[in-house]
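Participant: Mind looking over this structure? Questions follow.
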Amino acid sequence: MHTNVDTLFDRLWDKYVAITPSAHKIHALLVGEENSDSIVNDHVAFRTFNLDKCRLDELAAHFLALGYEAKGDYDFEAKKLTAKHFEHADLTKPKVFISELRVEELSEASQAIIHKLVEQMDESITTSETFLYSGPQWSLSKEDYDTLLNESEYAAWMAAWGFQANHFTVSVNHLSQTQSLVDVNTLLKEAGFVLNTSGGEIKGGEDVFLAQSSTMADKAGVEMNEETVEIPSCFYEFAQRYELPDGKLYQGFVAASADKIFESTNAK
């Protein structure tokens, strides 16, 4: 496992931008070409299946070993997901949001496909320092991808992309030119980026101490049956946090908003 938090996030970022080229363009838009380091990352999110080899706890172990602590639990009933978020004692380090699909709640056909994929995993990969950016640990057919996609976009994304960051998140509170999510969204739209409008362009707000928005995912090629299929890859999220009554910024997540953020990887 990694011994350094920053190194881990650098590796995750490299893998992420390789299939999310819009992230570099958004950086340039928000802080200029030369100042990409001045973007503060609010949180990074991961997806997985709740099967023994790869359940949420297997991913979380890498962050717990680096000083993270479990903070919040979430249930997304309609999407059949369970999630947790983790925070580091050093609040300048990104928060981590990990969700897992409750495979047993899917149809028998989808369950069989997911079990077949996970059976191909080498169990030792979960303790490797590269695990969190190792991608899919199985081969996937276009037919199986389509079957999953028909029932659960989340399942299809996970089957295609495997273990890597699903999205990074700009902390709007730490931007230099504006600390307003409304302004950020305007900049993005004027530059031609398509935003996720499910549940509204801005999910949440000051009343729940967190406002979020996101782009729709880029597209990238995945090998299936020896053909390359262009599918949604990853997206970029933007979070504006508000002060709690005690004057501290809210650090948690809002399930109703996160539920809609998941839809950023839906096909446009």
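A note on labels: chains of the structure tokens are A, B, ... as shown, every chain counts residues from 1, and ligands are counted from 1 in their shown order.
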Give the helix (DSSP H, G or I) residues of stretch 26-249 of chain A, as assigned by DSSP on the backbone, as an MDAnalysis selection string.
Facilitator: chainID A and resid 26:31 36:38 56:64 103:105 108:119 123:127 131:133 142:151 153:161 172:174 181:190 206:208
Participant: Enumerate, in order of chain and increasing residue number, the residues of stretch 77-123 of chain A with an atom no farther than 10 Å from stretch 163-171 of chain A, each with its shortest atom pair and distance in Å to one decimal, counting only C-alpha atoms, as a Markdown table.
Facilitator:
```
| residue | atom | partner | partner_atom | distance |
| --- | --- | --- | --- | --- |
| A:Pro94 | CA | A:Thr169 | CA | 8.8 |
| A:Lys95 | CA | A:Thr169 | CA | 9.7 |
| A:Val96 | CA | A:Phe168 | CA | 9.7 |
| A:Phe97 | CA | A:Ala165 | CA | 9.9 |
| A:Ile98 | CA | A:Ala165 | CA | 9.6 |
```
Participant: Give me a file of those residues, with all heavy atoms, as a compact mmCIF listing (two decimals), in the first residue's frame.
Facilitator:
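Below you can see selection14.txt, which holds the result:
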```txt
# COMPACT_ATOMS: atom_id res chain seq x y z
N PRO A 94 -7.92 15.48 0.31
CA PRO A 94 -9.28 15.24 -0.22
C PRO A 94 -10.05 14.24 0.62
O PRO A 94 -9.48 13.29 1.17
CB PRO A 94 -9.01 14.66 -1.63
CG PRO A 94 -7.60 15.04 -1.95
CD PRO A 94 -6.87 15.10 -0.65
N LYS A 95 -11.34 14.46 0.70
CA LYS A 95 -12.21 13.45 1.28
C LYS A 95 -12.35 12.31 0.27
O LYS A 95 -12.03 12.49 -0.91
CB LYS A 95 -13.58 14.05 1.62
CG LYS A 95 -13.52 14.97 2.86
CD LYS A 95 -14.78 15.78 3.03
CE LYS A 95 -14.81 16.98 2.12
NZ LYS A 95 -13.76 17.98 2.46
N VAL A 96 -12.79 11.16 0.73
CA VAL A 96 -12.95 9.99 -0.13
C VAL A 96 -14.37 9.47 0.02
O VAL A 96 -14.87 9.33 1.14
CB VAL A 96 -11.93 8.89 0.25
CG1 VAL A 96 -12.20 7.60 -0.53
CG2 VAL A 96 -10.50 9.38 0.01
N PHE A 97 -15.01 9.21 -1.12
CA PHE A 97 -16.39 8.69 -1.12
C PHE A 97 -16.36 7.36 -1.87
O PHE A 97 -16.00 7.32 -3.05
CB PHE A 97 -17.31 9.69 -1.82
CG PHE A 97 -18.78 9.36 -1.72
CD1 PHE A 97 -19.54 9.85 -0.67
CD2 PHE A 97 -19.40 8.56 -2.68
CE1 PHE A 97 -20.90 9.55 -0.57
CE2 PHE A 97 -20.75 8.27 -2.61
CZ PHE A 97 -21.51 8.76 -1.54
N ILE A 98 -16.71 6.27 -1.18
CA ILE A 98 -16.69 4.94 -1.80
C ILE A 98 -18.09 4.34 -1.74
O ILE A 98 -18.70 4.29 -0.68
CB ILE A 98 -15.70 3.99 -1.10
CG1 ILE A 98 -14.30 4.61 -1.00
CG2 ILE A 98 -15.62 2.66 -1.87
CD1 ILE A 98 -13.31 3.78 -0.20
```
Participant: Would you mind telling me which residue in A:Trp161, A:Leu91, A:Val31, A:Ile26 lies nearest to A:Lys248 when using only C-alpha atoms?
Facilitator: A:Leu91
Participant: Looking at A:Leu210, A:Leu195, A:Ile202, A:Met224, which one is nearest to A:Thr265, with distances taken over only C-alpha atoms?
Facilitator: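 The answer is A:Leu195, which sits nearest to A:Thr265.
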Participant: Can you work out which one of A:Leu56, A:Leu81, A:Ala28, A:Ala258 has the shortest atom-to-atom distance to A:Tyr154, counting only C-alpha atoms?
Facilitator: A:Leu81
Participant: Which is closest to A:Ile231 among A:Phe262, A:Trp157, A:Trp138, A:Phe46, if we use only C-alpha atoms?
Facilitator: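 Closest to A:Ile231, using only C-alpha atoms: A:Trp157.
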Participant: If we count only C-alpha atoms and set the cut-off at 8 Å, which residues sit around A:Met121, ignoring sequence neighbours fewer than 2 positions away in its own chain? Please answer as a PyMOL selection string.
Facilitator: chain A and resi 53+117-119+123+125+137-138
